[in-house]
Structure formats: structure tokens, C-alpha cells
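Chemist: What follows is the file start10.cif, containing mmCIF, C-alpha atoms:
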data_protein
#
loop_
_atom_site.label_atom_id
_atom_site.label_comp_id
_atom_site.auth_asym_id
_atom_site.auth_seq_id
_atom_site.Cartn_x
_atom_site.Cartn_y
_atom_site.Cartn_z
CA MET A 1 -4.97 5.37 -30.09
CA LYS A 2 -6.38 7.05 -26.98
CA HIS A 3 -4.93 4.26 -24.78
CA PHE A 4 -1.53 4.62 -26.49
CA ILE A 5 -1.43 8.37 -25.80
CA THR A 6 -2.48 7.81 -22.19
CA ALA A 7 0.27 5.21 -21.78
CA LEU A 8 2.84 7.62 -23.25
CA ALA A 9 1.71 10.39 -20.90
CA LEU A 10 1.98 8.04 -17.93
CA ALA A 11 5.45 6.90 -18.99
CA ALA A 12 6.60 10.51 -19.37
CA THR A 13 5.26 11.37 -15.92
CA LEU A 14 7.04 8.43 -14.30
CA ALA A 15 10.30 9.31 -16.04
CA THR A 16 10.20 12.95 -14.96
CA PRO A 17 13.47 14.07 -13.33
CA GLY A 18 13.06 14.67 -9.63
CA ALA A 19 10.55 11.88 -9.12
CA ALA A 20 11.29 9.92 -5.97
CA ALA A 21 13.19 6.68 -6.31
CA ALA A 22 11.52 3.42 -5.40
CA GLN A 23 12.47 1.63 -2.22
CA ASN A 24 14.65 -1.38 -2.78
CA ALA A 25 13.94 -4.21 -0.34
CA GLY A 26 16.78 -6.13 -2.00
CA LEU A 27 19.42 -3.78 -0.60
CA THR A 28 21.31 -4.58 2.59
CA ALA A 29 19.48 -3.11 5.57
CA ASN A 30 21.12 -0.01 7.07
CA PHE A 31 21.05 -1.25 10.67
CA GLY A 32 21.15 -5.02 10.28
CA GLU A 33 18.86 -7.98 10.26
CA ILE A 34 17.66 -10.78 12.51
CA ARG A 35 15.82 -14.10 12.36
CA LEU A 36 13.04 -14.44 14.94
CA ASN A 37 10.79 -17.39 15.69
CA ALA A 38 7.37 -17.10 17.32
CA GLY A 39 7.85 -16.86 21.08
CA PHE A 40 11.14 -14.95 20.77
CA THR A 41 12.86 -13.35 23.74
CA PRO A 42 13.54 -10.71 24.74
CA ASP A 43 10.13 -9.33 23.92
CA PRO A 44 10.08 -6.59 22.88
CA TYR A 45 13.15 -6.95 20.70
CA ARG A 46 14.71 -3.46 20.37
CA VAL A 47 16.85 -1.99 17.58
CA ASN A 48 18.38 1.47 17.98
CA LEU A 49 18.72 3.26 14.65
CA THR A 50 18.64 6.59 12.87
CA ALA A 51 15.26 7.31 11.31
CA GLY A 52 14.82 9.34 8.14
CA GLY A 53 16.38 9.72 4.74
CA SER A 54 16.27 11.66 1.49
CA ILE A 55 13.18 10.04 -0.09
CA ASP A 56 9.74 11.55 0.53
CA ALA A 57 7.52 8.46 0.82
CA TYR A 58 4.37 10.49 0.18
CA THR A 59 5.49 11.49 -3.30
CA ASP A 60 7.07 8.11 -4.12
CA THR A 61 4.76 6.61 -6.73
CA SER A 62 5.91 3.06 -5.88
CA LEU A 63 4.31 3.29 -2.41
CA PRO A 64 0.64 3.52 -1.38
CA ALA A 65 -0.69 7.04 -0.79
CA ALA A 66 -1.00 6.29 2.95
CA CYS A 67 2.79 6.07 3.30
CA VAL A 68 4.43 9.21 4.65
CA GLY A 69 7.78 10.28 6.01
CA ASP A 70 11.31 10.80 4.79
CA ILE A 71 13.08 7.47 4.38
CA SER A 72 16.19 5.92 2.86
CA ASN A 73 16.31 3.80 -0.28
CA ALA A 74 17.52 0.70 1.61
CA PRO A 75 15.43 -0.72 4.43
CA ASP A 76 16.55 0.25 7.92
CA TYR A 77 16.09 -3.24 9.32
CA GLU A 78 15.15 -6.69 8.06
CA VAL A 79 13.32 -9.34 10.08
CA THR A 80 12.97 -12.90 8.88
CA TYR A 81 10.18 -14.32 10.99
CA ARG A 82 8.79 -17.82 11.53
CA ALA A 83 5.18 -17.29 12.54
CA GLY A 84 3.16 -18.99 15.26
CA SER A 85 -0.24 -18.12 16.69
CA LEU A 86 0.72 -14.74 18.18
CA PRO A 87 0.41 -11.33 16.49
CA LEU A 88 3.56 -9.57 15.29
CA VAL A 89 3.79 -5.84 16.01
CA PHE A 90 6.37 -3.27 14.88
CA ARG A 91 6.55 0.06 16.75
CA THR A 92 8.71 3.16 16.77
CA ARG A 93 9.84 5.15 19.78
CA SER A 94 11.47 8.55 19.36
CA SER A 95 11.30 12.14 20.58
CA THR A 96 10.59 13.01 16.92
CA ASP A 97 7.44 12.16 14.92
CA THR A 98 8.36 8.87 13.21
CA THR A 99 6.64 6.73 10.58
CA LEU A 100 6.79 3.06 9.60
CA ILE A 101 6.82 1.55 6.14
CA ILE A 102 7.02 -2.24 5.90
CA ASN A 103 7.27 -4.48 2.89
CA GLY A 104 5.77 -7.76 4.13
CA PRO A 105 6.45 -11.34 3.07
CA ASP A 106 3.42 -11.08 0.76
CA GLY A 107 5.11 -8.24 -1.18
CA ARG A 108 2.50 -5.72 0.01
CA TRP A 109 3.29 -2.37 1.66
CA TYR A 110 2.04 -1.51 5.15
CA CYS A 111 2.34 2.04 6.49
CA ASP A 112 1.59 4.03 9.62
CA ASP A 113 2.27 7.42 11.13
CA ASP A 114 0.85 7.91 14.64
CA SER A 115 -1.10 4.79 15.67
CA TRP A 116 1.01 4.15 18.76
CA GLY A 117 0.37 7.72 19.96
CA ASP A 118 2.44 10.85 20.52
CA GLY A 119 4.16 10.71 17.13
CA ASP A 120 5.09 7.02 17.30
CA ALA A 121 4.04 4.51 14.65
CA GLU A 122 2.71 0.97 14.88
CA VAL A 123 2.05 -1.70 12.26
CA ARG A 124 0.32 -4.80 13.58
CA PHE A 125 -0.02 -8.16 11.86
CA ASN A 126 -2.75 -10.08 13.72
CA ARG A 127 -2.03 -13.24 11.72
CA PRO A 128 1.55 -12.75 10.56
CA SER A 129 3.03 -14.75 7.73
CA SER A 130 6.38 -16.44 7.92
CA GLY A 131 8.96 -14.68 5.79
CA THR A 132 10.92 -11.46 5.47
CA TYR A 133 9.71 -8.07 6.68
CA ASP A 134 11.73 -5.12 5.30
CA ILE A 135 11.26 -2.11 7.56
CA TRP A 136 11.82 1.61 6.97
CA VAL A 137 11.59 4.07 9.87
CA GLY A 138 10.91 7.56 8.58
CA THR A 139 10.75 11.03 10.04
CA PHE A 140 7.59 13.03 9.46
CA ASN A 141 9.09 16.50 9.29
CA GLY A 142 12.33 15.77 7.45
CA GLY A 143 15.86 15.27 8.62
CA THR A 144 17.06 12.36 10.69
CA ALA A 145 16.53 11.42 14.32
CA SER A 146 17.53 8.81 16.86
CA ALA A 147 14.81 6.20 17.17
CA ALA A 148 14.11 2.70 18.37
CA LEU A 149 12.31 -0.01 16.45
CA LEU A 150 10.43 -2.33 18.81
CA ILE A 151 9.29 -5.77 17.68
CA THR A 152 6.82 -7.59 19.91
CA GLU A 153 4.28 -10.41 20.05
CA THR A 154 2.67 -9.08 23.23
CA PRO A 155 0.97 -5.83 22.29
#
Show me, as C-alpha cells, the structure contained in the file I just sent.
Modeler:
Amino acid sequence: MKHFITALALAATLATPGAAAAQNAGLTANFGEIRLNAGFTPDPYRVNLTAGGSIDAYTDTSLPAACVGDISNAPDYEVTYRAGSLPLVFRTRSSTDTTLIINGPDGRWYCDDDSWGDGDAEVRFNRPSSGTYDIWVGTFNGGTASAALLITETP
């Protein structure tokens, strides 16, 4: 009975109005998609986009607690990658503090805020898998901002 009550309490909490919506990697990416093979050029590959959105990743229960930033429901960009022996690195560049949230080919979430320094994010896959990487670029302090997503194998 105790487990049943706990399960009901959890279900009620998750159904509470105002809870953040889950990200949907199945939606069409806001700023497009690309297929890249190991050794791609140009390197870095650059995508100009608008970072941010109406979902607070920190309070979104579908994401790990380490994920922060305001993001959209749909990914901002989608990369289908055929891996080789090189690392695969995603970075942000903006005059605003940006964050990265990536749903990798393994279905796991990878998040970063300031690893590339000065408010820019970096998620590095030292041994990347082949498959689809759905990428959200968030803003740390709300709103939206112009940003660039950089994809490189030469960190």
C-alpha cells in the first residue's frame, strides 16, 4: 500500500499544471540538420541560430539535473554523424551566456554551461558513436540571443 501511495503522489506531481514540457527529439529541428562523416570539412562546421526558448531545462523533470538554460521544445539543430577515430565536439559562441543540451545516439542526455569559457558551452564526445545528435542551445538568463553552434573534430 505504501508503494501505491508513493506512486500516486509521484504521478500527481508529474501531472501538476505548470510543469515544464519534455523535449521532443522527434520534432523537426528549428534551424535545420546535416549529415557529417568523420573528417568533414569545413572544420569547424558553423550554424548560426537563435538560442533560447520558453522551457526552463533546470526544472524540466525529463532532463538530468545538470541541464540548465531556457530552451525550445524542438531541437535547434540535428546532426547525423558517421564516426571515425576522431573526437566530436559541439560548442557555442555568443555574447550571451549559452548552454548546450544534446540527446546523443545512445538516447542519453549530455549538458554543459560554461566549459568552453566566458559563458560558452562545450560538449565533447571523445569516442563518438555514429547516429543522430539532437542539439538544443539555451540561454542561461532567459530570453533569446544570436549564437553560433560550432561542430569540430579538432578541439
Chemist: The PyMOL selection byres ((chain A and resi 119) around 7) on the file shown: which residues, as a list of chain:residue names?
Modeler: A:Thr96, A:Asp97, A:Thr98, A:Asp114, A:Gly117, A:Asp118, A:Asp120, A:Ala121
Chemist: Looking at A:Gly104, A:Tyr77, A:Ile71, A:Arg46, which one is nearest to Gly142 (chain A), with distances taken over all atoms listed in the file?
Modeler: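 Among the listed residues, A:Ile71 lies closest to Gly142 (chain A).
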Chemist: Which value, in Å to one decimal, gives the distance between CA of Asn126 (chain A) and CA of Pro87 (chain A)?
Modeler: 4.4 Å
Chemist: Check which residues satisfy the PyMOL selection byres ((chain A and resi 106) around 9) in the file shown, then give them as an MDAnalysis selection string.
Modeler: chainID A and resid 103:105 107:109 129 131:132
Chemist: Near Ala148 (chain A), counting all atoms listed in the file, which residues have an atom at most 6 Å away, once you skip same-chain residues fewer than 3 positions from it, shown as a list in words?
Modeler: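 Within the cut-off, the hits are Val47, Asn48, Leu49, Thr92 and Arg93 of chain A.
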Chemist: Selected by the PyMOL selection byres ((chain A and resi 78-85) around 12) in the shown coordinates: which residues, as a PyMOL selection string?
Modeler: chain A and resi 25-40+45-47+74-77+86-90+101-105+125-137+149-154
Chemist: Assuming the input is short of atoms at region 75-96 of chain A, produce N, CA, C and O atoms for that part as a PDB file, in the coordinates of the input.
Modeler:
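Saved the output as out-v1.pdb:
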ATOM      1  N   PRO A  75      16.163  -0.582   3.172  1.00  0.00           N
ATOM      2  CA  PRO A  75      15.430  -0.720   4.430  1.00  0.00           C
ATOM      3  C   PRO A  75      16.354  -0.416   5.612  1.00  0.00           C
ATOM      4  O   PRO A  75      17.573  -0.555   5.513  1.00  0.00           O
ATOM      5  N   ASP A  76      15.754   0.016   6.715  1.00  0.00           N
ATOM      6  CA  ASP A  76      16.550   0.250   7.920  1.00  0.00           C
ATOM      7  C   ASP A  76      16.846  -1.041   8.652  1.00  0.00           C
ATOM      8  O   ASP A  76      17.906  -1.200   9.242  1.00  0.00           O
ATOM      9  N   TYR A  77      15.895  -1.980   8.612  1.00  0.00           N
ATOM     10  CA  TYR A  77      16.090  -3.240   9.320  1.00  0.00           C
ATOM     11  C   TYR A  77      15.311  -4.331   8.592  1.00  0.00           C
ATOM     12  O   TYR A  77      14.291  -4.058   7.947  1.00  0.00           O
ATOM     13  N   GLU A  78      15.811  -5.563   8.715  1.00  0.00           N
ATOM     14  CA  GLU A  78      15.150  -6.690   8.060  1.00  0.00           C
ATOM     15  C   GLU A  78      14.921  -7.795   9.090  1.00  0.00           C
ATOM     16  O   GLU A  78      15.845  -8.185   9.806  1.00  0.00           O
ATOM     17  N   VAL A  79      13.684  -8.259   9.169  1.00  0.00           N
ATOM     18  CA  VAL A  79      13.320  -9.340  10.080  1.00  0.00           C
ATOM     19  C   VAL A  79      12.825 -10.521   9.270  1.00  0.00           C
ATOM     20  O   VAL A  79      11.887 -10.386   8.483  1.00  0.00           O
ATOM     21  N   THR A  80      13.474 -11.659   9.442  1.00  0.00           N
ATOM     22  CA  THR A  80      12.970 -12.900   8.880  1.00  0.00           C
ATOM     23  C   THR A  80      12.296 -13.637  10.026  1.00  0.00           C
ATOM     24  O   THR A  80      12.937 -13.951  11.033  1.00  0.00           O
ATOM     25  N   TYR A  81      11.008 -13.866   9.881  1.00  0.00           N
ATOM     26  CA  TYR A  81      10.180 -14.320  10.990  1.00  0.00           C
ATOM     27  C   TYR A  81       9.506 -15.653  10.668  1.00  0.00           C
ATOM     28  O   TYR A  81       8.971 -15.838   9.575  1.00  0.00           O
ATOM     29  N   ARG A  82       9.538 -16.576  11.640  1.00  0.00           N
ATOM     30  CA  ARG A  82       8.790 -17.820  11.530  1.00  0.00           C
ATOM     31  C   ARG A  82       7.576 -17.688  12.433  1.00  0.00           C
ATOM     32  O   ARG A  82       7.715 -17.646  13.668  1.00  0.00           O
ATOM     33  N   ALA A  83       6.408 -17.612  11.828  1.00  0.00           N
ATOM     34  CA  ALA A  83       5.180 -17.290  12.540  1.00  0.00           C
ATOM     35  C   ALA A  83       4.655 -18.441  13.374  1.00  0.00           C
ATOM     36  O   ALA A  83       4.903 -19.618  13.089  1.00  0.00           O
ATOM     37  N   GLY A  84       3.908 -18.063  14.410  1.00  0.00           N
ATOM     38  CA  GLY A  84       3.160 -18.990  15.260  1.00  0.00           C
ATOM     39  C   GLY A  84       1.739 -18.470  15.343  1.00  0.00           C
ATOM     40  O   GLY A  84       1.212 -17.902  14.393  1.00  0.00           O
ATOM     41  N   SER A  85       1.144 -18.556  16.519  1.00  0.00           N
ATOM     42  CA  SER A  85      -0.240 -18.120  16.690  1.00  0.00           C
ATOM     43  C   SER A  85      -0.370 -16.707  17.248  1.00  0.00           C
ATOM     44  O   SER A  85      -1.476 -16.195  17.379  1.00  0.00           O
ATOM     45  N   LEU A  86       0.748 -16.074  17.575  1.00  0.00           N
ATOM     46  CA  LEU A  86       0.720 -14.740  18.180  1.00  0.00           C
ATOM     47  C   LEU A  86       0.779 -13.650  17.107  1.00  0.00           C
ATOM     48  O   LEU A  86       1.316 -13.865  16.020  1.00  0.00           O
ATOM     49  N   PRO A  87       0.251 -12.453  17.420  1.00  0.00           N
ATOM     50  CA  PRO A  87       0.410 -11.330  16.490  1.00  0.00           C
ATOM     51  C   PRO A  87       1.874 -10.884  16.459  1.00  0.00           C
ATOM     52  O   PRO A  87       2.652 -11.194  17.365  1.00  0.00           O
ATOM     53  N   LEU A  88       2.229 -10.166  15.418  1.00  0.00           N
ATOM     54  CA  LEU A  88       3.560  -9.570  15.290  1.00  0.00           C
ATOM     55  C   LEU A  88       3.366  -8.075  15.115  1.00  0.00           C
ATOM     56  O   LEU A  88       2.633  -7.630  14.224  1.00  0.00           O
ATOM     57  N   VAL A  89       4.012  -7.284  15.990  1.00  0.00           N
ATOM     58  CA  VAL A  89       3.790  -5.840  16.010  1.00  0.00           C
ATOM     59  C   VAL A  89       5.141  -5.122  15.913  1.00  0.00           C
ATOM     60  O   VAL A  89       6.082  -5.464  16.627  1.00  0.00           O
ATOM     61  N   PHE A  90       5.197  -4.124  15.035  1.00  0.00           N
ATOM     62  CA  PHE A  90       6.370  -3.270  14.880  1.00  0.00           C
ATOM     63  C   PHE A  90       5.972  -1.880  15.358  1.00  0.00           C
ATOM     64  O   PHE A  90       4.935  -1.352  14.960  1.00  0.00           O
ATOM     65  N   ARG A  91       6.825  -1.267  16.210  1.00  0.00           N
ATOM     66  CA  ARG A  91       6.550   0.060  16.750  1.00  0.00           C
ATOM     67  C   ARG A  91       7.796   0.920  16.682  1.00  0.00           C
ATOM     68  O   ARG A  91       8.913   0.406  16.710  1.00  0.00           O
ATOM     69  N   THR A  92       7.592   2.229  16.666  1.00  0.00           N
ATOM     70  CA  THR A  92       8.710   3.160  16.770  1.00  0.00           C
ATOM     71  C   THR A  92       8.617   3.896  18.091  1.00  0.00           C
ATOM     72  O   THR A  92       7.529   4.089  18.635  1.00  0.00           O
ATOM     73  N   ARG A  93       9.777   4.312  18.570  1.00  0.00           N
ATOM     74  CA  ARG A  93       9.840   5.150  19.780  1.00  0.00           C
ATOM     75  C   ARG A  93      10.915   6.189  19.534  1.00  0.00           C
ATOM     76  O   ARG A  93      12.062   5.842  19.243  1.00  0.00           O
ATOM     77  N   SER A  94      10.527   7.467  19.608  1.00  0.00           N
ATOM     78  CA  SER A  94      11.470   8.550  19.360  1.00  0.00           C
ATOM     79  C   SER A  94      10.903   9.843  19.929  1.00  0.00           C
ATOM     80  O   SER A  94       9.696   9.969  20.131  1.00  0.00           O
ATOM     81  N   SER A  95      11.764  10.820  20.156  1.00  0.00           N
ATOM     82  CA  SER A  95      11.300  12.140  20.580  1.00  0.00           C
ATOM     83  C   SER A  95      10.813  12.935  19.368  1.00  0.00           C
ATOM     84  O   SER A  95      10.257  14.014  19.521  1.00  0.00           O
ATOM     85  N   THR A  96      11.025  12.395  18.167  1.00  0.00           N
ATOM     86  CA  THR A  96      10.590  13.010  16.920  1.00  0.00           C
ATOM     87  C   THR A  96       9.419  12.212  16.352  1.00  0.00           C
ATOM     88  O   THR A  96       9.316  11.016  16.594  1.00  0.00           O
TER      89      THR A  96
END
